[in-house]
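Structure file input-v8.txt; described as compact mmCIF, C-alpha atoms.
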# COMPACT_ATOMS: atom_id res chain seq x y z
CA MET A 205 -25.29 11.57 9.49
CA LYS A 206 -22.81 13.89 7.80
CA TYR A 207 -19.33 14.55 9.15
CA THR A 208 -16.69 17.24 8.85
CA ALA A 209 -13.49 15.91 7.29
CA ILE A 210 -10.41 17.26 9.08
CA TRP A 211 -7.30 16.77 6.96
CA GLN A 212 -3.97 16.84 8.79
CA SER A 213 -1.96 16.61 5.57
CA GLU A 214 -2.65 18.05 2.13
CA GLY A 215 -0.03 15.83 0.54
CA LEU A 216 -1.64 12.41 1.01
CA ILE A 217 -1.22 10.48 -2.23
CA GLU A 218 -4.45 8.63 -1.38
CA ARG A 219 -6.46 11.84 -0.90
CA ASP A 220 -8.61 11.44 -4.04
CA TRP A 221 -9.26 7.79 -3.19
CA LEU A 222 -10.29 8.59 0.39
CA LYS A 223 -12.49 11.48 -0.76
CA ARG A 224 -14.26 9.07 -3.13
CA LEU A 225 -14.90 6.51 -0.40
CA PHE A 226 -16.15 8.95 2.22
CA ALA A 227 -17.97 11.37 -0.12
CA PRO A 228 -21.51 10.27 0.88
CA TYR A 229 -20.74 10.91 4.55
CA ILE A 230 -18.88 14.26 4.42
CA SER A 231 -20.56 17.67 4.61
CA GLU A 232 -17.40 19.78 4.36
CA HIS A 233 -13.63 19.44 4.14
CA VAL A 234 -11.32 21.41 6.45
CA THR A 235 -7.52 21.44 6.36
CA ASP A 236 -5.84 21.74 9.76
CA GLY A 237 -2.28 20.47 9.34
CA ARG A 238 -1.24 21.48 12.85
CA HIS A 239 -3.22 19.02 14.97
CA GLN A 240 -5.23 21.77 16.64
CA LEU A 241 -8.79 21.60 15.31
CA VAL A 242 -11.20 19.52 17.42
CA LEU A 243 -14.83 19.05 16.37
CA ASP A 244 -17.70 16.72 17.14
CA ASN A 245 -19.09 14.59 14.29
CA ALA A 246 -15.72 14.61 12.55
CA ILE A 247 -13.50 12.26 10.60
CA ILE A 248 -9.79 12.99 11.00
CA PHE A 249 -7.55 12.00 8.10
CA ASP A 250 -4.01 11.65 9.39
CA VAL A 251 -0.69 9.98 8.61
CA TYR A 252 1.96 8.49 10.92
CA CYS A 253 -0.34 8.75 13.95
CA TYR A 254 2.19 6.89 16.09
CA ALA A 255 4.57 9.87 15.74
CA GLN A 256 2.05 12.59 16.68
CA ASP A 257 1.14 14.16 20.02
CA LEU A 258 -1.39 11.92 21.77
CA ASN A 259 -2.88 14.93 23.57
CA TYR A 260 -4.48 16.03 20.31
CA TYR A 261 -6.30 12.73 19.77
CA GLU A 262 -7.33 12.60 23.43
CA GLN A 263 -9.48 15.71 22.91
CA PHE A 264 -11.84 13.64 20.75
CA ARG A 265 -12.75 11.31 23.62
CA GLY A 266 -16.50 11.32 24.15
CA LYS A 267 -17.19 12.86 20.75
CA ASN A 268 -18.65 11.15 17.71
CA ALA A 269 -15.31 11.21 15.89
CA TYR A 270 -13.36 8.79 13.73
CA LEU A 271 -9.72 8.46 12.75
CA VAL A 272 -8.44 7.51 9.30
CA HIS A 273 -4.84 6.37 9.73
CA THR A 274 -2.59 6.06 6.66
CA GLY A 275 1.13 5.50 6.14
CA ASP A 276 1.68 2.62 8.56
CA GLU A 277 3.26 0.04 6.23
CA PHE A 278 5.84 -0.89 8.89
CA TYR A 279 3.17 -1.74 11.49
CA GLU A 280 4.19 0.89 14.01
CA LEU A 281 0.45 0.81 14.89
CA GLY A 282 0.16 3.73 17.36
CA ILE A 283 -2.77 2.07 19.11
CA ASP A 284 -2.85 4.72 21.87
CA SER A 285 -3.93 7.27 19.24
CA TYR A 286 -6.91 5.04 18.34
CA LEU A 287 -8.45 4.75 21.79
CA PRO A 288 -10.29 8.11 22.09
CA PHE A 289 -12.28 7.53 18.88
CA ARG A 290 -15.59 5.76 18.21
CA GLY A 291 -13.94 3.85 15.39
CA VAL A 292 -10.81 3.77 13.24
CA PHE A 293 -10.17 3.30 9.53
CA ARG A 294 -6.65 2.39 8.47
CA THR A 295 -4.67 1.13 5.54
CA ILE A 296 -2.36 -1.95 5.52
CA TRP A 297 -4.16 -5.09 6.61
CA SER A 298 -3.23 -7.49 9.39
CA ASP A 299 -5.34 -10.14 11.08
CA VAL A 300 -4.52 -8.71 14.54
CA PHE A 301 -7.04 -5.86 14.14
CA ASN A 302 -10.49 -6.10 15.66
CA PRO A 303 -12.83 -5.71 12.64
CA GLU A 304 -15.69 -4.49 14.86
CA HIS A 305 -13.71 -1.39 15.81
CA VAL A 306 -11.00 -1.06 13.12
CA PHE A 307 -11.98 -1.01 9.44
CA VAL A 308 -9.07 -1.77 7.10
CA LEU A 309 -9.16 0.00 3.73
CA PRO A 310 -7.19 -0.77 0.57
CA LEU A 311 -4.40 1.71 -0.15
CA GLY A 312 -6.23 2.91 -3.24
CA PHE A 313 -5.02 4.79 -6.28
CA GLY A 314 -2.82 7.86 -6.56
CA THR A 315 -3.95 11.29 -7.62
CA LYS A 316 -5.51 12.25 -10.95
CA MET A 317 -6.12 8.73 -12.22
CA GLN A 318 -8.62 8.06 -15.00
CA GLY A 319 -10.22 5.02 -16.59
CA GLY A 320 -9.03 3.32 -19.78
CA GLU A 321 -11.54 1.96 -22.27
CA THR A 322 -9.15 0.23 -24.69
CA LYS A 323 -9.44 -3.56 -24.79
CA ALA A 324 -6.53 -5.47 -23.29
CA SER A 325 -5.81 -7.25 -26.57
CA GLU A 326 -5.54 -3.92 -28.41
CA ARG A 327 -3.21 -2.10 -26.06
CA LEU A 328 0.22 -0.84 -27.10
CA TYR A 329 2.28 -2.51 -24.37
CA ALA A 330 2.07 -6.11 -23.21
CA TRP A 331 3.17 -4.84 -19.80
CA SER A 332 4.67 -1.78 -18.18
CA PHE A 333 6.40 -0.80 -14.99
CA VAL A 334 7.05 2.77 -13.89
CA GLY A 335 8.57 3.50 -10.50
CA GLU A 336 11.46 2.62 -8.22
CA GLY A 337 12.43 -0.76 -9.60
CA GLY A 338 15.54 -1.53 -7.58
CA LYS A 339 14.02 -2.61 -4.28
CA SER A 340 11.95 -5.37 -2.67
CA SER A 341 10.79 -7.96 -5.23
CA ARG A 342 10.62 -5.46 -8.08
CA PRO A 343 13.91 -6.45 -9.77
CA ASP A 344 12.62 -10.03 -9.89
CA ALA A 345 9.45 -8.88 -11.67
CA VAL A 346 11.33 -6.76 -14.20
CA LYS A 347 13.87 -9.46 -15.03
CA ALA A 348 11.24 -12.18 -15.38
CA LEU A 349 9.00 -10.15 -17.70
CA SER A 350 11.72 -8.42 -19.74
CA PRO A 351 11.67 -11.07 -22.55
CA ILE A 352 8.02 -10.25 -23.26
CA GLU A 353 7.65 -7.55 -25.91
CA PRO A 354 6.46 -4.92 -26.46
CA HIS A 355 6.86 -3.43 -23.00
CA LEU A 356 7.74 -0.13 -21.36
CA CYS A 357 9.84 -0.19 -18.23
CA PHE A 358 11.12 2.90 -16.45
CA SER A 359 12.92 2.83 -13.11
CA SER A 360 14.05 5.84 -11.11
CA THR A 361 16.73 3.71 -9.44
CA PRO A 362 19.22 1.17 -10.86
CA ILE A 363 18.25 -2.46 -11.25
CA PRO A 364 21.25 -4.82 -11.03
CA GLY A 365 21.94 -6.46 -14.38
CA LYS A 366 19.94 -3.88 -16.34
CA SER A 367 22.36 -1.35 -17.78
CA PHE A 368 19.62 0.95 -19.10
CA PHE A 369 18.23 1.44 -15.59
CA GLN A 370 20.83 3.93 -14.43
CA LEU A 371 20.52 7.25 -12.67
CA SER A 372 20.89 10.29 -14.86
CA SER A 373 23.57 12.86 -14.13
CA LYS A 374 20.90 14.96 -12.41
CA GLY A 375 19.86 12.27 -9.94
CA LYS A 376 16.62 10.31 -9.92
CA ARG A 377 14.64 10.35 -13.15
CA LYS A 378 10.92 10.96 -13.08
CA ILE A 379 7.98 10.56 -15.45
CA PRO A 380 5.24 13.23 -15.27
CA ARG A 381 2.02 12.00 -13.68
CA ALA A 382 0.00 12.60 -16.85
CA ASP A 383 2.43 10.44 -18.85
CA PHE A 384 2.27 7.73 -16.18
CA VAL A 385 -1.52 7.60 -16.44
CA GLN A 386 -1.30 7.45 -20.24
CA ILE A 387 1.18 4.55 -20.06
CA LEU A 388 -1.14 2.57 -17.79
CA GLY A 389 -4.00 3.21 -20.19
CA GLN A 390 -1.88 1.68 -22.97
CA SER A 391 -0.73 -1.36 -20.94
CA THR A 392 -2.33 -4.78 -20.93
CA PHE A 393 -0.63 -5.97 -17.74
CA VAL A 394 0.87 -4.00 -14.86
CA PRO A 395 3.08 -6.08 -12.55
CA ALA A 396 2.49 -4.92 -8.98
CA PRO A 397 5.32 -6.36 -6.90
CA MET A 398 5.37 -5.58 -3.19
CA GLY A 399 5.67 -2.03 -1.94
CA ASN A 400 8.39 -0.72 0.30
CA ALA A 401 7.56 -3.07 3.18
CA SER A 402 4.23 -4.78 2.49
CA LEU A 403 2.72 -6.73 -0.39
CA GLU A 404 0.31 -3.89 -1.11
CA SER A 405 1.07 -0.82 -3.20
CA CYS A 406 -0.93 1.89 -4.97
CA ARG A 407 0.21 0.37 -8.29
CA VAL A 408 -2.52 -2.30 -7.99
CA TYR A 409 -5.29 0.29 -7.88
CA ASP A 410 -3.65 2.67 -10.35
CA ALA A 411 -3.78 -0.17 -12.87
CA LEU A 412 -7.41 -0.98 -12.15
CA GLU A 413 -8.41 2.67 -12.53
CA CYS A 414 -6.83 2.68 -16.00
CA GLY A 415 -8.35 -0.61 -17.14
CA ALA A 416 -5.05 -2.51 -16.99
CA ILE A 417 -4.70 -5.97 -15.40
CA PRO A 418 -2.52 -5.87 -12.26
CA ILE A 419 -0.45 -8.92 -11.36
CA ILE A 420 -0.12 -9.31 -7.59
CA GLU A 421 1.97 -11.50 -5.30
CA ARG A 422 1.20 -13.87 -2.46
CA ARG A 423 3.48 -15.66 -0.04
CA VAL A 424 3.48 -19.17 1.40
CA THR A 425 2.00 -17.96 4.70
CA LEU A 426 0.15 -14.90 3.44
CA ASP A 427 -2.46 -14.48 0.69
CA TYR A 428 -2.67 -10.80 1.57
CA PHE A 429 -5.03 -9.56 -1.13
CA ARG A 430 -7.50 -12.40 -0.60
CA ARG A 431 -7.68 -11.48 3.08
CA LEU A 432 -8.00 -7.76 2.32
CA LEU A 433 -10.25 -7.74 -0.77
CA GLY A 434 -12.10 -11.05 -0.50
CA ASP A 435 -12.72 -13.03 -3.69
CA HIS A 436 -11.21 -11.22 -6.66
CA PRO A 437 -10.19 -12.04 -10.25
CA LEU A 438 -6.75 -10.39 -10.13
CA PRO A 439 -3.93 -12.68 -11.36
CA THR A 440 -1.97 -13.78 -8.28
CA VAL A 441 1.45 -15.43 -8.42
CA ARG A 442 3.96 -17.02 -6.07
CA SER A 443 6.89 -16.14 -8.35
CA TRP A 444 7.52 -13.81 -11.26
CA SER A 445 8.57 -16.69 -13.48
CA GLN A 446 5.01 -17.97 -12.98
CA ALA A 447 3.78 -14.51 -13.99
CA ARG A 448 5.83 -14.68 -17.20
CA ARG A 449 4.21 -17.97 -18.18
CA LEU A 450 0.74 -16.64 -17.37
CA VAL A 451 1.22 -13.46 -19.41
CA ARG A 452 2.48 -15.40 -22.43
CA GLN A 453 -0.48 -17.79 -22.30
CA LEU A 454 -3.02 -14.96 -22.11
CA LEU A 455 -1.39 -12.92 -24.87
CA ARG A 456 -1.83 -15.91 -27.20
CA ASP A 457 -5.59 -15.97 -26.48
CA PRO A 458 -7.09 -12.47 -27.09
CA ASN A 459 -10.63 -13.52 -26.18
CA ARG A 460 -9.58 -14.97 -22.85
CA LEU A 461 -7.42 -11.89 -22.25
CA ASP A 462 -10.28 -9.46 -22.87
CA ASP A 463 -12.59 -11.56 -20.69
CA LEU A 464 -10.11 -11.33 -17.80
CA GLN A 465 -9.82 -7.58 -18.24
CA GLN A 466 -13.59 -7.20 -18.15
CA GLN A 467 -13.82 -9.36 -15.03
CA CYS A 468 -11.28 -7.08 -13.31
CA VAL A 469 -13.09 -3.91 -14.44
CA ASP A 470 -16.51 -5.16 -13.30
CA TRP A 471 -15.17 -6.48 -10.01
CA TRP A 472 -13.38 -3.23 -9.20
CA LYS A 473 -16.49 -1.14 -9.87
CA ASN A 474 -18.70 -3.41 -7.76
CA TYR A 475 -16.10 -3.69 -5.01
CA GLN A 476 -16.01 0.08 -4.52
CA THR A 477 -19.81 0.30 -4.39
CA VAL A 478 -19.96 -2.35 -1.67
CA LEU A 479 -17.01 -0.84 0.20
CA ILE A 480 -18.65 2.60 0.38
CA GLU A 481 -21.83 0.99 1.73
CA GLN A 482 -19.80 -0.92 4.34
CA ILE A 483 -18.12 2.30 5.45
CA GLY A 484 -21.56 3.83 6.01
CA GLU A 485 -22.71 0.82 8.01
CA PHE A 486 -19.56 0.96 10.14
CA LEU A 487 -20.08 4.67 10.87
CA GLU A 488 -23.72 4.13 11.78
CA THR A 489 -23.04 1.15 14.03
CA ARG A 490 -20.14 2.76 15.86
CA SER A 491 -22.01 6.08 16.27
CA GLN A 492 -24.73 4.25 18.18
CA SER A 493 -22.22 2.39 20.36
CA HIS A 494 -20.50 3.88 23.39
CA ASP A 495 -18.30 0.95 24.37
CA GLN A 496 -14.55 1.34 24.82
CA LEU A 497 -12.63 0.99 21.56
CA VAL A 498 -10.70 -2.28 21.37
CA PRO A 499 -8.36 -1.98 18.38
CA LEU A 500 -6.77 -5.44 18.58
CA ARG A 501 -8.23 -8.92 18.78
CA SER A 502 -4.84 -10.45 19.46
CA ARG A 503 -2.11 -9.85 22.03
CA LEU A 504 0.59 -10.73 19.51
CA PRO A 505 1.56 -7.08 18.82
CA ASN A 506 2.51 -6.80 22.51
CA LEU A 507 5.18 -9.45 22.09
CA PRO A 508 8.77 -8.36 21.36
CA GLY A 509 9.61 -8.76 17.70
CA TRP A 510 6.01 -9.18 16.48
CA ARG A 511 6.35 -6.33 14.00
CA TYR A 512 9.39 -7.91 12.33
CA VAL A 513 7.71 -11.31 12.09
CA GLU A 514 4.64 -9.69 10.50
CA LEU A 515 6.79 -7.86 7.96
CA LEU A 516 8.71 -11.05 7.14
CA ARG A 517 5.45 -12.63 5.97
CA HIS A 518 5.31 -10.05 3.16
CA HIS A 519 8.81 -10.76 1.85
CA SER A 520 10.14 -13.33 -0.55
CA LEU A 521 13.65 -14.62 0.12
CA SER A 522 15.12 -12.39 -2.58
CA ALA A 523 13.21 -9.33 -1.33
CA LEU A 524 14.38 -10.01 2.23
CA SER A 525 17.99 -10.46 1.10
CA ARG A 526 17.78 -7.21 -0.84
CA ARG A 527 16.38 -5.34 2.17
CA VAL A 528 19.08 -6.65 4.52
CA ARG A 529 21.77 -5.64 2.04
CA MET A 530 20.33 -2.15 1.61
CA GLN A 531 20.00 -1.61 5.35
CA SER A 532 23.59 -2.75 5.91
CA MET A 533 24.81 -0.34 3.26
CA ARG A 534 22.92 2.52 4.91
CA LEU A 535 24.47 1.72 8.27
CA ILE A 536 27.94 1.69 6.77
CA LYS A 537 27.30 4.88 4.81
CA ASP A 538 26.06 6.70 7.91
CA ARG A 539 28.95 5.23 9.94
CA ARG A 540 26.49 3.96 12.53
CA TRP A 541 27.88 0.45 12.09
CA ARG A 542 31.38 1.65 12.91
CA VAL A 543 30.11 3.54 15.96
CA ALA A 544 28.30 0.43 17.16
CA VAL A 545 31.48 -1.65 16.84
CA LYS A 546 33.53 0.89 18.79
CA ALA A 547 30.88 0.93 21.52
CA VAL A 548 31.35 -2.77 22.28
CA PRO A 549 33.63 -3.24 25.36
CA ALA A 550 36.82 -5.16 24.66
CA SER A 551 36.11 -7.39 27.65
CA SER A 552 32.86 -8.65 26.17
CA PRO A 553 33.89 -11.10 23.42
CA LYS A 554 30.37 -12.53 23.18
CA ARG A 555 29.06 -9.17 22.01
CA THR A 556 31.79 -8.50 19.46
CA LEU A 557 30.34 -7.75 16.04
CA LYS A 558 31.86 -9.68 13.16
Translate the structure of the given file into structure tokens.
Amino acid sequence: MKYTAIWQSEGLIERDWLKRLFAPYISEHVTDGRHQLVLDNAIIFDVYCYAQDLNYYEQFRGKNAYLVHTGDEFYELGIDSYLPFRGVFRTIWSDVFNPEHVFVLPLGFGTKMQGGETKASERLYAWSFVGEGGKSSRPDAVKALSPIEPHLCFSSTPIPGKSFFQLSSKGKRKIPRADFVQILGQSTFVPAPMGNASLESCRVYDALECGAIPIIERRVTLDYFRRLLGDHPLPTVRSWSQARRLVRQLLRDPNRLDDLQQQCVDWWKNYQTVLIEQIGEFLETRSQSHDQLVPLRSRLPNLPGWRYVELLRHHSLSALSRRVRMQSMRLIKDRRWRVAVKAVPASSPKRTLK
């Protein structure tokens, strides 16, 4: 069966990735953008579903329609928007989702990526990082790998202790997309520290598309990529000092380095082939089923504070400390902290903020 793709946003960074995955099952692409178009045999590509009008999604009840939900890295969920559909695809994995009704997809690459054929041992840079390097666990990655040369590192925001990572007089610095792709194609390794809130970021898949070797993180209680991708050859570390040792060892052994690169390239190609087939099987199975959608297999998300506990699993201690500090600074800057202090009654010493 072929479906009509209804896009509610033209600006999705994952658009090319999603179009690749769903290409065999789409007959035409339509851009709505106003949450008005309702069709049978449709796949709706939307972002921040939890913030949209539920009445729009409700109009798909009883139709052979699917929702693709992106942009939920903070686990806002928006489960009510899922219920009218035959099935749901979403990014950002968690083990609370019911895999029979909710299919979790990798974030995928950004726009206009292209493959890199150069062998890892022959590439210009031992490693590279391009992006916002001052948040989450990214400063830890940059500092740990900085002694390894040659490298190219470009941050749009300051990294404490790195004087050359400063804002220009015109604000945030940016590298053109074409230059970014070229840099990845010239990089042996691409450290992929956690994204804004979760361990996953598009940087992992950008690197794979360009033939570079991404280095990913895992936590004590969460081997995120193993749960999301299954068995994979991607170098996985608990700390960025461990990554530094690994990179140095591999750079001293060109044959082993090129073998690892080829394993990653072959795995990524095969993984996408299997993933596209699994998407087709999911669509076929759910199209033939008329049972009520059950998005969750756990009641944990109904408990107060679940979302924060789930997000904590993605953070290292340094990343968590950095996030708390940044949030506190934002509160002070916006004067919301001061307003909160003034709002506390003088007769309630137990609630006084210190």
Notebook entry, point to check: In Å, how far is it from CA of Ile483 in chain A to CA of Ala269 in chain A?
Noted result: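 Between these atoms lies a distance of 14.0 Å.
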Checklist line | Closest of A:Pro395, A:Ile248, A:Ser341, A:Arg294 to Leu450 in chain A - atom-to-atom distances counting only C-alpha atoms | finding: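 Of all the options, A:Pro395 lies closest to Leu450 in chain A.
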Give me the residues near range 445-449 of chain A as a tab-separated table (two decimals) with C-alpha atoms, keeping the file's coordinate frame, where near means some atom within 12 Å (using only C-alpha atoms) and where sequence neighbours in that chain fewer than 4 positions away do not count.
chain	number	residue	atom	x	y	z
A	330	ALA	CA	2.07	-6.11	-23.21
A	331	TRP	CA	3.17	-4.84	-19.80
A	344	ASP	CA	12.62	-10.03	-9.89
A	345	ALA	CA	9.45	-8.88	-11.67
A	346	VAL	CA	11.33	-6.76	-14.20
A	347	LYS	CA	13.87	-9.46	-15.03
A	348	ALA	CA	11.24	-12.18	-15.38
A	349	LEU	CA	9.00	-10.15	-17.70
A	350	SER	CA	11.72	-8.42	-19.74
A	351	PRO	CA	11.67	-11.07	-22.55
A	352	ILE	CA	8.02	-10.25	-23.26
A	353	GLU	CA	7.65	-7.55	-25.91
A	393	PHE	CA	-0.63	-5.97	-17.74
A	394	VAL	CA	0.87	-4.00	-14.86
A	395	PRO	CA	3.08	-6.08	-12.55
A	396	ALA	CA	2.49	-4.92	-8.98
A	397	PRO	CA	5.32	-6.36	-6.90
A	418	PRO	CA	-2.52	-5.87	-12.26
A	419	ILE	CA	-0.45	-8.92	-11.36
A	420	ILE	CA	-0.12	-9.31	-7.59
A	421	GLU	CA	1.97	-11.50	-5.30
A	422	ARG	CA	1.20	-13.87	-2.46
A	438	LEU	CA	-6.75	-10.39	-10.13
A	439	PRO	CA	-3.93	-12.68	-11.36
A	440	THR	CA	-1.97	-13.78	-8.28
A	441	VAL	CA	1.45	-15.43	-8.42
A	453	GLN	CA	-0.48	-17.79	-22.30
A	454	LEU	CA	-3.02	-14.96	-22.11
A	455	LEU	CA	-1.39	-12.92	-24.87
A	456	ARG	CA	-1.83	-15.91	-27.20
Check: Out of A:Lys339, A:Arg238, A:Lys223, A:Lys323, which residue has the shortest atom-to-atom distance to Ser520 in chain A when counting only C-alpha atoms?
Finding: A:Lys339
Go through range 232-259 of chain A and flag each residue having an atom no more than 8 Å from range 282-290 of chain A; for those, report the closest pair of atoms plus their distance in Å to one decimal, using all atoms listed in the file, ordered by chain and rising number, as JSON lines.
{"residue": "A:Cys253", "atom": "CA", "partner": "A:Gly282", "partner_atom": "CA", "distance": 6.1}
{"residue": "A:Tyr254", "atom": "CA", "partner": "A:Gly282", "partner_atom": "CA", "distance": 4.0}
{"residue": "A:Ala255", "atom": "CA", "partner": "A:Gly282", "partner_atom": "CA", "distance": 7.7}
{"residue": "A:Leu258", "atom": "CA", "partner": "A:Ser285", "partner_atom": "CA", "distance": 5.9}
Check: Do you know which residues are at most 10 Å from Arg517 in chain A counting all atoms listed in the file, after dropping those on the same chain fewer than 4 positions away, and could you put them as a list in words?
Finding: Ser402, Leu403, Arg422, Arg423, Val424, Thr425, Leu426, Asp427, Tyr428, Tyr512 and Val513 of chain A
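Of note, CA of Arg490 in chain A and CA of Leu222 in chain A are spaced 19.2 Å apart.
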Could you give me, as a Markdown table, a per-residue list for range 391-484 of chain A showing, wherever an atom lies at most 9 Å from an atom of range 305-315 of chain A, the closest pair of atoms and their distance in Å to one decimal, using all atoms listed in the file and sorting by chain then residue number from low to high?
| residue | atom | partner | partner_atom | distance |
| --- | --- | --- | --- | --- |
| A:Glu404 | CA | A:Leu311 | CA | 7.4 |
| A:Ser405 | CA | A:Leu311 | CA | 6.8 |
| A:Cys406 | CA | A:Phe313 | CA | 5.2 |
| A:Arg407 | CA | A:Phe313 | CA | 7.1 |
| A:Val408 | CA | A:Phe313 | CA | 7.7 |
| A:Tyr409 | CA | A:Phe313 | CA | 4.8 |
| A:Asp410 | CA | A:Phe313 | CA | 4.8 |
| A:Ala411 | CA | A:Phe313 | CA | 8.3 |
| A:Leu412 | CA | A:Phe313 | CA | 8.6 |
| A:Glu413 | CA | A:Phe313 | CA | 7.4 |
| A:Leu432 | CA | A:Pro310 | CA | 7.3 |
| A:Leu433 | CA | A:Pro310 | CA | 7.7 |
| A:Leu479 | CA | A:Leu309 | CA | 8.6 |
| A:Ile483 | CA | A:Phe307 | CA | 8.0 |
Next item on the list: Could you give me, as a list in words, the residues within 9 Å of His239 in chain A, counting only C-alpha atoms and dropping anything in the same chain fewer than 5 positions from it?
Entry: Gln212, Gln256, Asp257, Tyr260 and Tyr261 of chain A
Next item on the list: May I ask which of the residues A:Asp250, A:Asp495, A:Asp244, A:Asp383 is the closest one to Lys267 in chain A, counting all atoms listed in the file?
Entry: A:Asp244
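Distances to Arg460 in chain A were evaluated for A:Met530, A:Val292, A:Ser298, A:Ser325 using all atoms listed in the file, and the minimum falls at A:Ser325.
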Work out where the centre of an axis-aligned box around every listed atom of range 416-430 of chain A lies and how long its edges are once 3 Å is added on each side; give both in Å to one decimal as JSON.
{"center_x": -2.0, "center_y": -10.8, "center_z": -6.1, "size_x": 17.0, "size_y": 22.7, "size_z": 27.7}
Check: Just how far from CA of Val528 in chain A is CA of Glu218 in chain A, in Å to one decimal?
Finding: 28.7 Å
Next item on the list: Using only C-alpha atoms, give me every residue within 7 Å of (-9.2, -4.8, 17.9) in file coordinates, as a PyMOL selection string.
Entry: chain A and resi 300-303+305-306+498-501
Write range 431-448 of chain A as an mmCIF file, in the frame of the given file, completed to N, CA and C atoms.
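Final output, saved to result_9.cif:
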data_model
loop_
_atom_site.group_PDB
_atom_site.id
_atom_site.type_symbol
_atom_site.label_atom_id
_atom_site.label_comp_id
_atom_site.auth_asym_id
_atom_site.auth_seq_id
_atom_site.Cartn_x
_atom_site.Cartn_y
_atom_site.Cartn_z
ATOM 1 N N ARG A 431 -7.212 -11.841 1.744
ATOM 2 C CA ARG A 431 -7.680 -11.480 3.080
ATOM 3 C C ARG A 431 -8.200 -10.041 3.109
ATOM 4 N N LEU A 432 -7.598 -9.165 2.334
ATOM 5 C CA LEU A 432 -8.000 -7.760 2.320
ATOM 6 C C LEU A 432 -9.225 -7.524 1.445
ATOM 7 N N LEU A 433 -9.235 -8.074 0.224
ATOM 8 C CA LEU A 433 -10.250 -7.740 -0.770
ATOM 9 C C LEU A 433 -11.350 -8.789 -0.893
ATOM 10 N N GLY A 434 -11.142 -9.966 -0.300
ATOM 11 C CA GLY A 434 -12.100 -11.050 -0.500
ATOM 12 C C GLY A 434 -11.847 -11.708 -1.852
ATOM 13 N N ASP A 435 -12.864 -12.372 -2.386
ATOM 14 C CA ASP A 435 -12.720 -13.030 -3.690
ATOM 15 C C ASP A 435 -12.523 -11.968 -4.774
ATOM 16 N N HIS A 436 -11.520 -12.166 -5.593
ATOM 17 C CA HIS A 436 -11.210 -11.220 -6.660
ATOM 18 C C HIS A 436 -10.638 -11.973 -7.850
ATOM 19 N N PRO A 437 -10.685 -11.372 -9.043
ATOM 20 C CA PRO A 437 -10.190 -12.040 -10.250
ATOM 21 C C PRO A 437 -8.750 -11.670 -10.608
ATOM 22 N N LEU A 438 -8.073 -10.894 -9.788
ATOM 23 C CA LEU A 438 -6.750 -10.390 -10.130
ATOM 24 C C LEU A 438 -5.731 -11.540 -10.191
ATOM 25 N N PRO A 439 -4.957 -11.643 -11.271
ATOM 26 C CA PRO A 439 -3.930 -12.680 -11.360
ATOM 27 C C PRO A 439 -2.965 -12.602 -10.177
ATOM 28 N N THR A 440 -2.795 -13.730 -9.498
ATOM 29 C CA THR A 440 -1.970 -13.780 -8.280
ATOM 30 C C THR A 440 -0.915 -14.845 -8.441
ATOM 31 N N VAL A 441 0.342 -14.504 -8.170
ATOM 32 C CA VAL A 441 1.450 -15.430 -8.420
ATOM 33 C C VAL A 441 2.322 -15.596 -7.186
ATOM 34 N N ARG A 442 2.979 -16.751 -7.122
ATOM 35 C CA ARG A 442 3.960 -17.020 -6.070
ATOM 36 C C ARG A 442 5.356 -16.605 -6.503
ATOM 37 N N SER A 443 5.585 -16.529 -7.817
ATOM 38 C CA SER A 443 6.890 -16.140 -8.350
ATOM 39 C C SER A 443 6.678 -15.383 -9.642
ATOM 40 N N TRP A 444 7.666 -14.596 -10.033
ATOM 41 C CA TRP A 444 7.520 -13.810 -11.260
ATOM 42 C C TRP A 444 7.806 -14.630 -12.509
ATOM 43 N N SER A 445 8.463 -15.770 -12.347
ATOM 44 C CA SER A 445 8.570 -16.690 -13.480
ATOM 45 C C SER A 445 7.195 -17.282 -13.798
ATOM 46 N N GLN A 446 6.390 -17.525 -12.771
ATOM 47 C CA GLN A 446 5.010 -17.970 -12.980
ATOM 48 C C GLN A 446 4.215 -16.886 -13.690
ATOM 49 N N ALA A 447 4.463 -15.628 -13.329
ATOM 50 C CA ALA A 447 3.780 -14.510 -13.990
ATOM 51 C C ALA A 447 4.137 -14.449 -15.469
ATOM 52 N N ARG A 448 5.399 -14.699 -15.797
ATOM 53 C CA ARG A 448 5.830 -14.680 -17.200
ATOM 54 C C ARG A 448 5.072 -15.723 -18.009
#
